[in-house]
$ cat run.cif   # mmCIF, N, CA and C atoms
data_target
#
loop_
_atom_site.label_atom_id
_atom_site.label_comp_id
_atom_site.auth_asym_id
_atom_site.auth_seq_id
_atom_site.Cartn_x
_atom_site.Cartn_y
_atom_site.Cartn_z
N MET A 30 89.70 107.33 91.97
CA MET A 30 89.65 106.62 93.23
C MET A 30 90.64 107.26 94.20
N LEU A 31 90.24 107.28 95.46
CA LEU A 31 91.10 107.73 96.54
C LEU A 31 91.58 106.51 97.32
N HIS A 32 92.88 106.34 97.41
CA HIS A 32 93.49 105.26 98.18
C HIS A 32 93.94 105.86 99.51
N ILE A 33 93.65 105.16 100.60
CA ILE A 33 94.03 105.65 101.94
C ILE A 33 94.88 104.59 102.62
N VAL A 34 96.08 104.99 103.02
CA VAL A 34 97.01 104.07 103.70
C VAL A 34 97.36 104.67 105.06
N ASN A 35 97.16 103.88 106.13
CA ASN A 35 97.44 104.38 107.46
C ASN A 35 98.51 103.59 108.21
N LYS A 36 99.16 102.67 107.55
CA LYS A 36 100.20 101.85 108.19
C LYS A 36 101.58 102.21 107.64
N SER A 37 102.58 102.07 108.48
CA SER A 37 103.95 102.35 108.08
C SER A 37 104.41 101.38 106.99
N HIS A 38 105.12 101.91 106.03
CA HIS A 38 105.66 101.08 104.94
C HIS A 38 106.72 100.10 105.42
N THR A 39 107.27 100.32 106.61
CA THR A 39 108.28 99.42 107.14
C THR A 39 107.68 98.27 107.96
N GLU A 40 106.42 98.39 108.30
CA GLU A 40 105.78 97.36 109.12
C GLU A 40 104.75 96.52 108.39
N ARG A 41 104.16 97.07 107.35
CA ARG A 41 103.11 96.37 106.60
C ARG A 41 103.34 96.55 105.10
N SER A 42 102.72 95.72 104.32
CA SER A 42 102.87 95.81 102.86
C SER A 42 101.73 96.57 102.20
N ALA A 43 100.89 97.23 103.00
CA ALA A 43 99.72 97.93 102.45
C ALA A 43 100.11 98.98 101.41
N LEU A 44 101.12 99.79 101.71
CA LEU A 44 101.52 100.82 100.76
C LEU A 44 102.05 100.22 99.47
N ALA A 45 102.87 99.21 99.57
CA ALA A 45 103.42 98.57 98.37
C ALA A 45 102.30 97.98 97.51
N SER A 46 101.33 97.34 98.14
CA SER A 46 100.20 96.78 97.40
C SER A 46 99.39 97.89 96.74
N CYS A 47 99.16 98.95 97.47
CA CYS A 47 98.42 100.09 96.93
C CYS A 47 99.13 100.67 95.71
N LEU A 48 100.41 100.92 95.84
CA LEU A 48 101.16 101.53 94.73
C LEU A 48 101.22 100.61 93.52
N ARG A 49 101.22 99.33 93.74
CA ARG A 49 101.25 98.37 92.63
C ARG A 49 99.92 98.39 91.85
N LEU A 50 98.81 98.62 92.55
CA LEU A 50 97.50 98.52 91.92
C LEU A 50 96.85 99.86 91.57
N ALA A 51 97.33 100.95 92.13
CA ALA A 51 96.74 102.26 91.84
C ALA A 51 96.98 102.64 90.39
N LEU A 52 95.99 103.24 89.79
CA LEU A 52 96.07 103.65 88.40
C LEU A 52 96.53 105.10 88.28
N ASP A 53 97.18 105.41 87.18
CA ASP A 53 97.65 106.77 86.94
C ASP A 53 96.50 107.76 87.11
N GLY A 54 96.80 108.89 87.75
CA GLY A 54 95.82 109.94 87.93
C GLY A 54 94.96 109.80 89.19
N GLN A 55 95.06 108.67 89.87
CA GLN A 55 94.30 108.50 91.10
C GLN A 55 94.99 109.23 92.24
N SER A 56 94.36 109.22 93.41
CA SER A 56 94.89 109.94 94.57
C SER A 56 95.24 108.97 95.68
N LEU A 57 96.24 109.36 96.48
CA LEU A 57 96.68 108.58 97.62
C LEU A 57 96.77 109.51 98.82
N LEU A 58 96.15 109.11 99.92
CA LEU A 58 96.22 109.86 101.16
C LEU A 58 96.92 109.01 102.21
N LEU A 59 97.97 109.55 102.79
CA LEU A 59 98.70 108.87 103.86
C LEU A 59 98.26 109.48 105.19
N THR A 60 97.83 108.61 106.12
CA THR A 60 97.39 109.05 107.43
C THR A 60 98.10 108.22 108.50
N GLU A 61 97.92 108.61 109.75
CA GLU A 61 98.48 107.90 110.89
C GLU A 61 99.95 107.57 110.63
N ASP A 62 100.37 106.31 110.85
CA ASP A 62 101.77 105.94 110.63
C ASP A 62 102.15 105.85 109.15
N GLY A 63 101.18 105.91 108.27
CA GLY A 63 101.46 105.92 106.84
C GLY A 63 102.24 107.15 106.41
N ILE A 64 102.19 108.21 107.20
CA ILE A 64 102.87 109.45 106.82
C ILE A 64 104.39 109.30 106.77
N TYR A 65 104.92 108.32 107.49
CA TYR A 65 106.38 108.14 107.49
C TYR A 65 106.93 107.88 106.08
N ALA A 66 106.15 107.28 105.23
CA ALA A 66 106.58 107.00 103.85
C ALA A 66 106.78 108.27 103.04
N ALA A 67 106.18 109.37 103.49
CA ALA A 67 106.25 110.63 102.75
C ALA A 67 107.31 111.58 103.25
N THR A 68 108.18 111.13 104.14
CA THR A 68 109.27 112.00 104.60
C THR A 68 110.37 112.01 103.54
N THR A 69 111.18 113.04 103.57
CA THR A 69 112.28 113.13 102.61
C THR A 69 113.23 111.95 102.74
N ALA A 70 113.40 111.46 103.95
CA ALA A 70 114.31 110.33 104.18
C ALA A 70 113.76 109.02 103.62
N ALA A 71 112.45 108.88 103.54
CA ALA A 71 111.85 107.61 103.14
C ALA A 71 111.15 107.62 101.78
N ALA A 72 110.95 108.77 101.19
CA ALA A 72 110.15 108.87 99.97
C ALA A 72 110.66 107.99 98.83
N GLU A 73 111.95 107.91 98.67
CA GLU A 73 112.51 107.08 97.60
C GLU A 73 112.33 105.60 97.90
N ALA A 74 112.73 105.17 99.07
CA ALA A 74 112.66 103.75 99.44
C ALA A 74 111.22 103.25 99.55
N SER A 75 110.31 104.10 99.99
CA SER A 75 108.91 103.68 100.15
C SER A 75 108.15 103.64 98.84
N GLY A 76 108.68 104.28 97.82
CA GLY A 76 108.00 104.33 96.53
C GLY A 76 107.18 105.59 96.32
N ILE A 77 107.11 106.45 97.31
CA ILE A 77 106.31 107.67 97.20
C ILE A 77 106.88 108.63 96.16
N ALA A 78 108.19 108.75 96.08
CA ALA A 78 108.80 109.66 95.11
C ALA A 78 108.40 109.28 93.68
N ALA A 79 108.46 108.01 93.36
CA ALA A 79 108.05 107.55 92.03
C ALA A 79 106.54 107.66 91.85
N ALA A 80 105.80 107.32 92.88
CA ALA A 80 104.33 107.35 92.81
C ALA A 80 103.81 108.77 92.56
N ALA A 81 104.50 109.76 93.11
CA ALA A 81 104.07 111.15 92.95
C ALA A 81 104.14 111.62 91.50
N ARG A 82 104.83 110.90 90.67
CA ARG A 82 104.88 111.26 89.25
C ARG A 82 103.62 110.80 88.51
N ARG A 83 102.86 109.89 89.12
CA ARG A 83 101.66 109.39 88.44
C ARG A 83 100.39 109.48 89.28
N LEU A 84 100.55 109.73 90.58
CA LEU A 84 99.41 109.86 91.49
C LEU A 84 99.47 111.22 92.18
N LYS A 85 98.33 111.67 92.67
CA LYS A 85 98.29 112.84 93.53
C LYS A 85 98.46 112.31 94.95
N VAL A 86 99.53 112.70 95.62
CA VAL A 86 99.85 112.16 96.94
C VAL A 86 99.63 113.23 98.01
N TYR A 87 98.83 112.88 99.00
CA TYR A 87 98.49 113.78 100.09
C TYR A 87 98.89 113.16 101.42
N VAL A 88 99.15 114.03 102.40
CA VAL A 88 99.47 113.62 103.76
C VAL A 88 98.55 114.39 104.70
N LEU A 89 97.98 113.70 105.67
CA LEU A 89 97.16 114.37 106.67
C LEU A 89 98.10 115.08 107.65
N LEU A 90 98.14 116.41 107.57
CA LEU A 90 99.10 117.19 108.36
C LEU A 90 98.96 117.01 109.87
N PRO A 91 97.76 116.93 110.43
CA PRO A 91 97.69 116.70 111.88
C PRO A 91 98.40 115.42 112.32
N ASP A 92 98.37 114.39 111.48
CA ASP A 92 99.08 113.15 111.80
C ASP A 92 100.59 113.35 111.69
N ALA A 93 101.03 114.09 110.68
CA ALA A 93 102.47 114.38 110.53
C ALA A 93 102.95 115.24 111.69
N GLN A 94 102.15 116.21 112.10
CA GLN A 94 102.52 117.08 113.23
C GLN A 94 102.59 116.28 114.53
N ALA A 95 101.63 115.39 114.74
CA ALA A 95 101.61 114.59 115.96
C ALA A 95 102.84 113.70 116.08
N ARG A 96 103.43 113.34 114.95
CA ARG A 96 104.60 112.47 114.93
C ARG A 96 105.91 113.26 114.76
N GLY A 97 105.81 114.57 114.77
CA GLY A 97 107.00 115.41 114.63
C GLY A 97 107.61 115.38 113.25
N MET A 98 106.84 115.08 112.23
CA MET A 98 107.37 114.91 110.87
C MET A 98 106.90 115.98 109.89
N ALA A 99 106.13 116.94 110.32
CA ALA A 99 105.57 117.94 109.40
C ALA A 99 106.65 118.70 108.63
N ALA A 100 107.76 119.00 109.27
CA ALA A 100 108.85 119.74 108.61
C ALA A 100 109.73 118.84 107.76
N ARG A 101 109.49 117.54 107.81
CA ARG A 101 110.34 116.59 107.09
C ARG A 101 109.64 115.94 105.91
N LEU A 102 108.50 116.47 105.49
CA LEU A 102 107.76 115.87 104.38
C LEU A 102 108.44 116.14 103.05
N ALA A 103 108.39 115.18 102.17
CA ALA A 103 108.98 115.31 100.84
C ALA A 103 108.22 116.37 100.05
N PRO A 104 108.91 117.09 99.18
CA PRO A 104 108.25 118.14 98.40
C PRO A 104 107.21 117.62 97.42
N GLU A 105 107.24 116.33 97.12
CA GLU A 105 106.29 115.75 96.16
C GLU A 105 104.89 115.58 96.73
N VAL A 106 104.74 115.70 98.03
CA VAL A 106 103.44 115.45 98.66
C VAL A 106 102.78 116.76 99.06
N THR A 107 101.46 116.71 99.16
CA THR A 107 100.67 117.87 99.56
C THR A 107 100.06 117.61 100.92
N GLY A 108 100.30 118.49 101.85
CA GLY A 108 99.71 118.37 103.17
C GLY A 108 98.31 118.93 103.21
N ILE A 109 97.41 118.22 103.88
CA ILE A 109 96.04 118.70 104.02
C ILE A 109 95.59 118.58 105.48
N ASP A 110 94.61 119.42 105.86
CA ASP A 110 94.04 119.34 107.19
C ASP A 110 92.77 118.49 107.14
N TYR A 111 92.04 118.43 108.25
CA TYR A 111 90.84 117.59 108.29
C TYR A 111 89.77 118.05 107.30
N ALA A 112 89.62 119.35 107.13
CA ALA A 112 88.66 119.86 106.15
C ALA A 112 89.07 119.43 104.73
N GLY A 113 90.37 119.45 104.47
CA GLY A 113 90.88 118.98 103.18
C GLY A 113 90.64 117.50 102.99
N PHE A 114 90.73 116.73 104.08
CA PHE A 114 90.44 115.29 104.04
C PHE A 114 89.00 115.07 103.62
N VAL A 115 88.09 115.82 104.23
CA VAL A 115 86.66 115.71 103.88
C VAL A 115 86.45 116.07 102.41
N ASP A 116 87.08 117.16 101.97
CA ASP A 116 86.96 117.57 100.56
C ASP A 116 87.51 116.50 99.62
N LEU A 117 88.61 115.90 100.01
CA LEU A 117 89.24 114.86 99.19
C LEU A 117 88.31 113.65 99.04
N VAL A 118 87.73 113.21 100.15
CA VAL A 118 86.81 112.07 100.11
C VAL A 118 85.57 112.42 99.29
N ALA A 119 85.03 113.62 99.52
CA ALA A 119 83.82 114.04 98.80
C ALA A 119 84.09 114.22 97.30
N GLY A 120 85.31 114.52 96.96
CA GLY A 120 85.67 114.74 95.56
C GLY A 120 85.94 113.48 94.76
N HIS A 121 85.91 112.33 95.41
CA HIS A 121 86.14 111.05 94.73
C HIS A 121 84.89 110.18 94.87
N THR A 122 84.53 109.51 93.80
CA THR A 122 83.34 108.66 93.85
C THR A 122 83.58 107.38 94.62
N THR A 123 84.83 106.93 94.69
CA THR A 123 85.16 105.71 95.44
C THR A 123 86.44 105.93 96.24
N SER A 124 86.55 105.16 97.31
CA SER A 124 87.78 105.16 98.09
C SER A 124 88.09 103.76 98.55
N GLN A 125 89.37 103.50 98.77
CA GLN A 125 89.85 102.20 99.22
C GLN A 125 90.81 102.40 100.37
N SER A 126 90.48 101.84 101.53
CA SER A 126 91.39 101.88 102.66
C SER A 126 92.22 100.61 102.63
N TRP A 127 93.54 100.78 102.67
CA TRP A 127 94.47 99.66 102.63
C TRP A 127 94.89 99.32 104.03
N LEU A 128 94.65 98.11 104.46
CA LEU A 128 94.95 97.70 105.84
C LEU A 128 96.18 96.87 105.94
#
$ encode --input "run.cif" --output "structure tokens"
Amino acid sequence: MLHIVNKSHTERSALASCLRLALDGQSLLLTEDGIYAATTAAAEASGIAAAARRLKVYVLLPDAQARGMAARLAPEVTGIDYAGFVDLVAGHTTSQSWL
């Protein structure tokens, strides 16, 4: 399953709920304001650092670039472009958007 979170971990509980319910080996894509959780400054507090040990964690790079955070992403996450986003969705039989 591909989990997609687009809200900031400091404003909504979507990421925390996702991380609590995601199963080992699944994938997580952070988009829009969700990318803030994947910065080096926030990865530990947001749970991304721990989650990356059991999930494949991706960040949509155009969203990170638009927010000036592309150079500040944690090493545990993989940046992808829009084509990678399409490949990620196509490569999973199911996806869940967390609101």
$ closest_residue --input "run.cif" --among "A:Thr60, A:Thr122, A:Gln55, A:Thr69" --to "A:Ser37" --atoms "all atoms listed in the file"
A:Thr60
$ resolve_selection --input "run.cif" --expression "the PyMOL selection byres (((chain A and resi 127 and name CA) around 12) and name CA)" --output "PDB file with N, CA and C atoms, keeping the file's coordinate frame"
ATOM      1  N   LEU A  31      90.240 107.280  95.460  1.00  0.00           N
ATOM      2  CA  LEU A  31      91.100 107.730  96.540  1.00  0.00           C
ATOM      3  C   LEU A  31      91.580 106.510  97.320  1.00  0.00           C
ATOM      4  N   HIS A  32      92.880 106.340  97.410  1.00  0.00           N
ATOM      5  CA  HIS A  32      93.490 105.260  98.180  1.00  0.00           C
ATOM      6  C   HIS A  32      93.940 105.860  99.510  1.00  0.00           C
ATOM      7  N   ILE A  33      93.650 105.160 100.600  1.00  0.00           N
ATOM      8  CA  ILE A  33      94.030 105.650 101.940  1.00  0.00           C
ATOM      9  C   ILE A  33      94.880 104.590 102.620  1.00  0.00           C
ATOM     10  N   VAL A  34      96.080 104.990 103.020  1.00  0.00           N
ATOM     11  CA  VAL A  34      97.010 104.070 103.700  1.00  0.00           C
ATOM     12  C   VAL A  34      97.360 104.670 105.060  1.00  0.00           C
ATOM     13  N   ASN A  35      97.160 103.880 106.130  1.00  0.00           N
ATOM     14  CA  ASN A  35      97.440 104.380 107.460  1.00  0.00           C
ATOM     15  C   ASN A  35      98.510 103.590 108.210  1.00  0.00           C
ATOM     16  N   LYS A  36      99.160 102.670 107.550  1.00  0.00           N
ATOM     17  CA  LYS A  36     100.200 101.850 108.190  1.00  0.00           C
ATOM     18  C   LYS A  36     101.580 102.210 107.640  1.00  0.00           C
ATOM     19  N   SER A  37     102.580 102.070 108.480  1.00  0.00           N
ATOM     20  CA  SER A  37     103.950 102.350 108.080  1.00  0.00           C
ATOM     21  C   SER A  37     104.410 101.380 106.990  1.00  0.00           C
ATOM     22  N   HIS A  38     105.120 101.910 106.030  1.00  0.00           N
ATOM     23  CA  HIS A  38     105.660 101.080 104.940  1.00  0.00           C
ATOM     24  C   HIS A  38     106.720 100.100 105.420  1.00  0.00           C
ATOM     25  N   ARG A  41     104.160  97.070 107.350  1.00  0.00           N
ATOM     26  CA  ARG A  41     103.110  96.370 106.600  1.00  0.00           C
ATOM     27  C   ARG A  41     103.340  96.550 105.100  1.00  0.00           C
ATOM     28  N   SER A  42     102.720  95.720 104.320  1.00  0.00           N
ATOM     29  CA  SER A  42     102.870  95.810 102.860  1.00  0.00           C
ATOM     30  C   SER A  42     101.730  96.570 102.200  1.00  0.00           C
ATOM     31  N   ALA A  43     100.890  97.230 103.000  1.00  0.00           N
ATOM     32  CA  ALA A  43      99.720  97.930 102.450  1.00  0.00           C
ATOM     33  C   ALA A  43     100.110  98.980 101.410  1.00  0.00           C
ATOM     34  N   LEU A  44     101.120  99.790 101.710  1.00  0.00           N
ATOM     35  CA  LEU A  44     101.520 100.820 100.760  1.00  0.00           C
ATOM     36  C   LEU A  44     102.050 100.220  99.470  1.00  0.00           C
ATOM     37  N   ALA A  45     102.870  99.210  99.570  1.00  0.00           N
ATOM     38  CA  ALA A  45     103.420  98.570  98.370  1.00  0.00           C
ATOM     39  C   ALA A  45     102.300  97.980  97.510  1.00  0.00           C
ATOM     40  N   SER A  46     101.330  97.340  98.140  1.00  0.00           N
ATOM     41  CA  SER A  46     100.200  96.780  97.400  1.00  0.00           C
ATOM     42  C   SER A  46      99.390  97.890  96.740  1.00  0.00           C
ATOM     43  N   CYS A  47      99.160  98.950  97.470  1.00  0.00           N
ATOM     44  CA  CYS A  47      98.420 100.090  96.930  1.00  0.00           C
ATOM     45  C   CYS A  47      99.130 100.670  95.710  1.00  0.00           C
ATOM     46  N   LEU A  48     100.410 100.920  95.840  1.00  0.00           N
ATOM     47  CA  LEU A  48     101.160 101.530  94.730  1.00  0.00           C
ATOM     48  C   LEU A  48     101.220 100.610  93.520  1.00  0.00           C
ATOM     49  N   LEU A  50      98.810  98.620  92.550  1.00  0.00           N
ATOM     50  CA  LEU A  50      97.500  98.520  91.920  1.00  0.00           C
ATOM     51  C   LEU A  50      96.850  99.860  91.570  1.00  0.00           C
ATOM     52  N   ALA A  51      97.330 100.950  92.130  1.00  0.00           N
ATOM     53  CA  ALA A  51      96.740 102.260  91.840  1.00  0.00           C
ATOM     54  C   ALA A  51      96.980 102.640  90.390  1.00  0.00           C
ATOM     55  N   LEU A  57      96.240 109.360  96.480  1.00  0.00           N
ATOM     56  CA  LEU A  57      96.680 108.580  97.620  1.00  0.00           C
ATOM     57  C   LEU A  57      96.770 109.510  98.820  1.00  0.00           C
ATOM     58  N   LEU A  58      96.150 109.110  99.920  1.00  0.00           N
ATOM     59  CA  LEU A  58      96.220 109.860 101.160  1.00  0.00           C
ATOM     60  C   LEU A  58      96.920 109.010 102.210  1.00  0.00           C
ATOM     61  N   LEU A  59      97.970 109.550 102.790  1.00  0.00           N
ATOM     62  CA  LEU A  59      98.700 108.870 103.860  1.00  0.00           C
ATOM     63  C   LEU A  59      98.260 109.480 105.190  1.00  0.00           C
ATOM     64  N   THR A  60      97.830 108.610 106.120  1.00  0.00           N
ATOM     65  CA  THR A  60      97.390 109.050 107.430  1.00  0.00           C
ATOM     66  C   THR A  60      98.100 108.220 108.500  1.00  0.00           C
ATOM     67  N   GLY A  63     101.180 105.910 108.270  1.00  0.00           N
ATOM     68  CA  GLY A  63     101.460 105.920 106.840  1.00  0.00           C
ATOM     69  C   GLY A  63     102.240 107.150 106.410  1.00  0.00           C
ATOM     70  N   SER A 124      86.550 105.160  97.310  1.00  0.00           N
ATOM     71  CA  SER A 124      87.780 105.160  98.090  1.00  0.00           C
ATOM     72  C   SER A 124      88.090 103.760  98.550  1.00  0.00           C
ATOM     73  N   GLN A 125      89.370 103.500  98.770  1.00  0.00           N
ATOM     74  CA  GLN A 125      89.850 102.200  99.220  1.00  0.00           C
ATOM     75  C   GLN A 125      90.810 102.400 100.370  1.00  0.00           C
ATOM     76  N   SER A 126      90.480 101.840 101.530  1.00  0.00           N
ATOM     77  CA  SER A 126      91.390 101.880 102.660  1.00  0.00           C
ATOM     78  C   SER A 126      92.220 100.610 102.630  1.00  0.00           C
ATOM     79  N   LEU A 128      94.650  98.110 104.460  1.00  0.00           N
ATOM     80  CA  LEU A 128      94.950  97.700 105.840  1.00  0.00           C
ATOM     81  C   LEU A 128      96.180  96.870 105.940  1.00  0.00           C
TER      82      LEU A 128
END
$ closest_residue --input "run.cif" --among "A:Ala74, A:Ala95, A:Lys85, A:Ala119" --to "A:Thr107" --atoms "only N, CA and C atoms"
A:Lys85
$ atom_distance --input "run.cif" --atom1 "atom N of A:Ile109" --atom2 "atom C of A:Gly76"
17.7 Å
$ select_by_dssp --input "run.cif" --residues "stretch 35-107 of chain A" --states "alpha helix (DSSP H)" --output "NGL selection string"
:A and (43-50 or 72-75 or 77-80 or 90-95)
$ axis_aligned_box --input "run.cif" --around "stretch 113-128 of chain A" --padding-each-side "4 Å" --output "JSON"
{"center_x": 89.8, "center_y": 108.2, "center_z": 99.9, "size_x": 20.8, "size_y": 30.6, "size_z": 20.1}
